[in-house]
Amino acid sequence: MLVVLGLNGLVAAMKLSVGVLTGSVAMAADGVQSLLDGFANVIGLIGIVAASRPPDEQHPYGHERYETIASMAIAGLMTFGVVEIVRSAWGQFQGNDEPRVTALSFAVLIVTIGINAGVSWWERRAARRLRSELLAADAKHTATDVVVSAGVIVGLIAVAAGFTRADAVVSLVIAAVIARTAWVILRDASLVLSDATAIDPRLLMRAVLTAPGVVTAHNLRARSGGGRSWVEVHVTVDPDLRVNQAHAVATGVEEAIRTSAGDTTEVVVHVEPAEPPHTRPDPLFGDPRST
C-alpha cells in the first residue's frame, strides 16, 4: 500500500504540474483525481490497520467494518473532487483562456496511464486474495484514472484541432466518471452497513435442508461484510436423538452452509425437536423444497 501511495503521489505531481504549466483544466482535474487517490491510500492504510485488530469485548465480531467506513471516506473525497473539477470547468467556459497542447502533456498522460493500470490490476488481485472491501474500492477508484487520462488525451487532440472548449467538456466528463465511481463505492458500503447478504438465502436454505438428519429449518439469517459472511439458522431433528447425535447433525449443517457460502463463513446452528411449534416454516423463505 505504501508503494501505491508513492506512485499516486508521483502521478498527481506530474499531472498537476503540466496542467498548471499548459493551462489545461482537464489535466489539472486528472491531477486532482490522482491526488485524491493518494489521500485514499492514507485513509486505506488507517482502515486496514484498524480492521486487522482481533475481536475484543466491544467488537466480538471483529473490526472489519472499519474498512467499510474507510471506503465511504474515500467516496467522500471523490465527491469533493467532483465539486472542484466542475467549478474549474465552469470558470474555463466563462473565460477566454485556451490550454497549450505540448508533447510533454501527451508523454505524461501515457506514462501515468501505464502506472495507474498496473496499480489497479495489483489492487484487484490483492482485494480478491485478502477479501478486502477497501482494496476493491480503491481499485475501482484507480481504474477510473485510466479512463480519465484517456479522455484527457482525446480532449487535448480536440483542442489542437481547434475545439477550444473541448478541454472544459472533458473536465465535466471526468467529473461524471468520478461521481459514478463514488456512488458505486457508497452503494456497496451501505449494503454492508445495513447487514445485507451477498449470498442467496434460498440456496442456503436448500443446503441446510439437504444436510443429513434435518427435518425442517427456520429463522435463517445471513449477512456479509469485510470479505466474510455470518449465518444463523434453527433446525429441527428427531426428538429422540441423543445430544451427541444432534450435535453431529448441527455439524453437518455447518459444513453444508460453508460449502455453499465459502470456508470463511461463520455459522451458528440452533437445534430444536421436530415437533410443533418448532416445525413452523421460515417466515421469509418458507420451504424451498415445496417450490
# chains A, B, ... in the order shown; residues from 1 in each chain; ligands from 1
$ closest_atom_pairs --of "stretch 172-229 of chain A" --to "stretch 129-143 of chain A" --cutoff "12 Å" --atoms "only C-alpha atoms" --output "CSV"
residue,atom,partner,partner_atom,distance
A:Val177,CA,A:His141,CA,9.8
A:Ile178,CA,A:His141,CA,7.8
A:Ala179,CA,A:His141,CA,10.4
A:Arg180,CA,A:His141,CA,10.1
A:Thr181,CA,A:His141,CA,6.6
A:Ala182,CA,A:His141,CA,7.9
A:Trp183,CA,A:Ala137,CA,11.0
A:Val184,CA,A:Ala137,CA,8.8
A:Ile185,CA,A:Ala137,CA,6.1
A:Leu186,CA,A:Ala137,CA,9.5
A:Arg187,CA,A:Ala137,CA,11.0
A:Asp188,CA,A:Glu133,CA,8.9
A:Ala189,CA,A:Glu133,CA,8.5
A:Leu191,CA,A:Glu133,CA,11.7
A:Val192,CA,A:Glu133,CA,9.7
A:Ser224,CA,A:Glu133,CA,11.1
A:Gly225,CA,A:Glu133,CA,8.1
A:Gly226,CA,A:Glu133,CA,6.0
A:Gly227,CA,A:Arg131,CA,4.5
A:Arg228,CA,A:Arg131,CA,7.7
A:Ser229,CA,A:Arg131,CA,11.2
$ select_by_dssp --residues "stretch 210-275 of chain A" --states "alpha helix (DSSP H)" --output "VMD selection string"
chain A and resid 243 to 261
$ write_last_selection --atoms "C-alpha atoms" --output "PDB file, in the first residue's frame"
ATOM      1  CA  VAL A 243     -27.092 -34.935  22.419  1.00  0.00           C
ATOM      2  CA  ASN A 244     -24.036 -36.164  20.532  1.00  0.00           C
ATOM      3  CA  GLN A 245     -26.220 -37.266  17.611  1.00  0.00           C
ATOM      4  CA  ALA A 246     -27.984 -33.888  17.463  1.00  0.00           C
ATOM      5  CA  HIS A 247     -24.587 -32.206  17.601  1.00  0.00           C
ATOM      6  CA  ALA A 248     -23.465 -34.283  14.619  1.00  0.00           C
ATOM      7  CA  VAL A 249     -26.491 -33.039  12.671  1.00  0.00           C
ATOM      8  CA  ALA A 250     -25.587 -29.416  13.528  1.00  0.00           C
ATOM      9  CA  THR A 251     -22.017 -30.025  12.383  1.00  0.00           C
ATOM     10  CA  GLY A 252     -23.343 -31.363   9.078  1.00  0.00           C
ATOM     11  CA  VAL A 253     -25.444 -28.210   8.674  1.00  0.00           C
ATOM     12  CA  GLU A 254     -22.376 -26.036   9.271  1.00  0.00           C
ATOM     13  CA  GLU A 255     -20.419 -27.942   6.638  1.00  0.00           C
ATOM     14  CA  ALA A 256     -23.281 -27.669   4.137  1.00  0.00           C
ATOM     15  CA  ILE A 257     -23.501 -23.905   4.645  1.00  0.00           C
ATOM     16  CA  ARG A 258     -19.755 -23.401   4.275  1.00  0.00           C
ATOM     17  CA  THR A 259     -19.778 -25.478   1.096  1.00  0.00           C
ATOM     18  CA  SER A 260     -22.435 -23.147  -0.297  1.00  0.00           C
ATOM     19  CA  ALA A 261     -21.223 -19.815   1.137  1.00  0.00           C
TER      20      ALA A 261
END
$ closest_residue --among "A:Ala50, A:Leu104, A:Gly62, A:Glu57" --to "A:Ser17" --atoms "only C-alpha atoms"
A:Leu104
$ select_by_dssp --residues "stretch 40-256 of chain A" --states "strand (DSSP E)" --output "list in words"
Thr216, Ala217, His218, Asn219, Leu220, Arg221, Ala222, Arg223, Ser224, Gly225, Arg228, Ser229, Trp230, Val231, Glu232, Val233, His234, Val235, Thr236 and Val237 of chain A
$ write_last_selection --atoms "C-alpha atoms" --output "CSV table (one decimal), in the first residue's frame"
chain,number,residue,atom,x,y,z
A,216,THR,CA,-37.2,-28.6,9.0
A,217,ALA,CA,-35.4,-25.3,9.2
A,218,HIS,CA,-36.5,-21.7,10.0
A,219,ASN,CA,-35.2,-18.3,11.3
A,220,LEU,CA,-32.4,-18.3,8.6
A,221,ARG,CA,-30.4,-15.1,8.9
A,222,ALA,CA,-27.3,-14.1,6.9
A,223,ARG,CA,-25.2,-11.0,6.5
A,224,SER,CA,-21.9,-10.2,4.7
A,225,GLY,CA,-19.1,-7.8,5.3
A,228,ARG,CA,-16.8,-12.7,5.3
A,229,SER,CA,-20.4,-13.9,5.9
A,230,TRP,CA,-22.3,-14.8,9.1
A,231,VAL,CA,-25.2,-17.3,9.0
A,232,GLU,CA,-27.6,-18.3,11.8
A,233,VAL,CA,-30.4,-20.9,11.4
A,234,HIS,CA,-32.7,-23.0,13.6
A,235,VAL,CA,-33.1,-26.7,12.5
A,236,THR,CA,-35.3,-29.4,13.9
A,237,VAL,CA,-34.2,-33.0,14.4
$ atom_distance --atom1 "atom CA of A:Met78" --atom2 "atom CA of A:Ser52"
24.9 Å
$ residues_around --residues "A:Val152" --least-positions-apart "2" --cutoff "12 Å" --atoms "only C-alpha atoms" --output "PyMOL selection string"
chain A and resi 15+19+24-31+99+101+105-106+108-110+112-113+145-150+154-159+166-175
$ closest_residue --among "A:Gly6, A:Phe163, A:Val18, A:Pro55" --to "A:Gly38" --atoms "only C-alpha atoms"
A:Gly6
$ atom_distance --atom1 "atom CA of A:Glu84" --atom2 "atom CA of A:Thr68"
25.0 Å
$ closest_residue --among "A:Gln94, A:Leu193, A:Leu10, A:Arg128" --to "A:Met72" --atoms "only C-alpha atoms"
A:Leu193
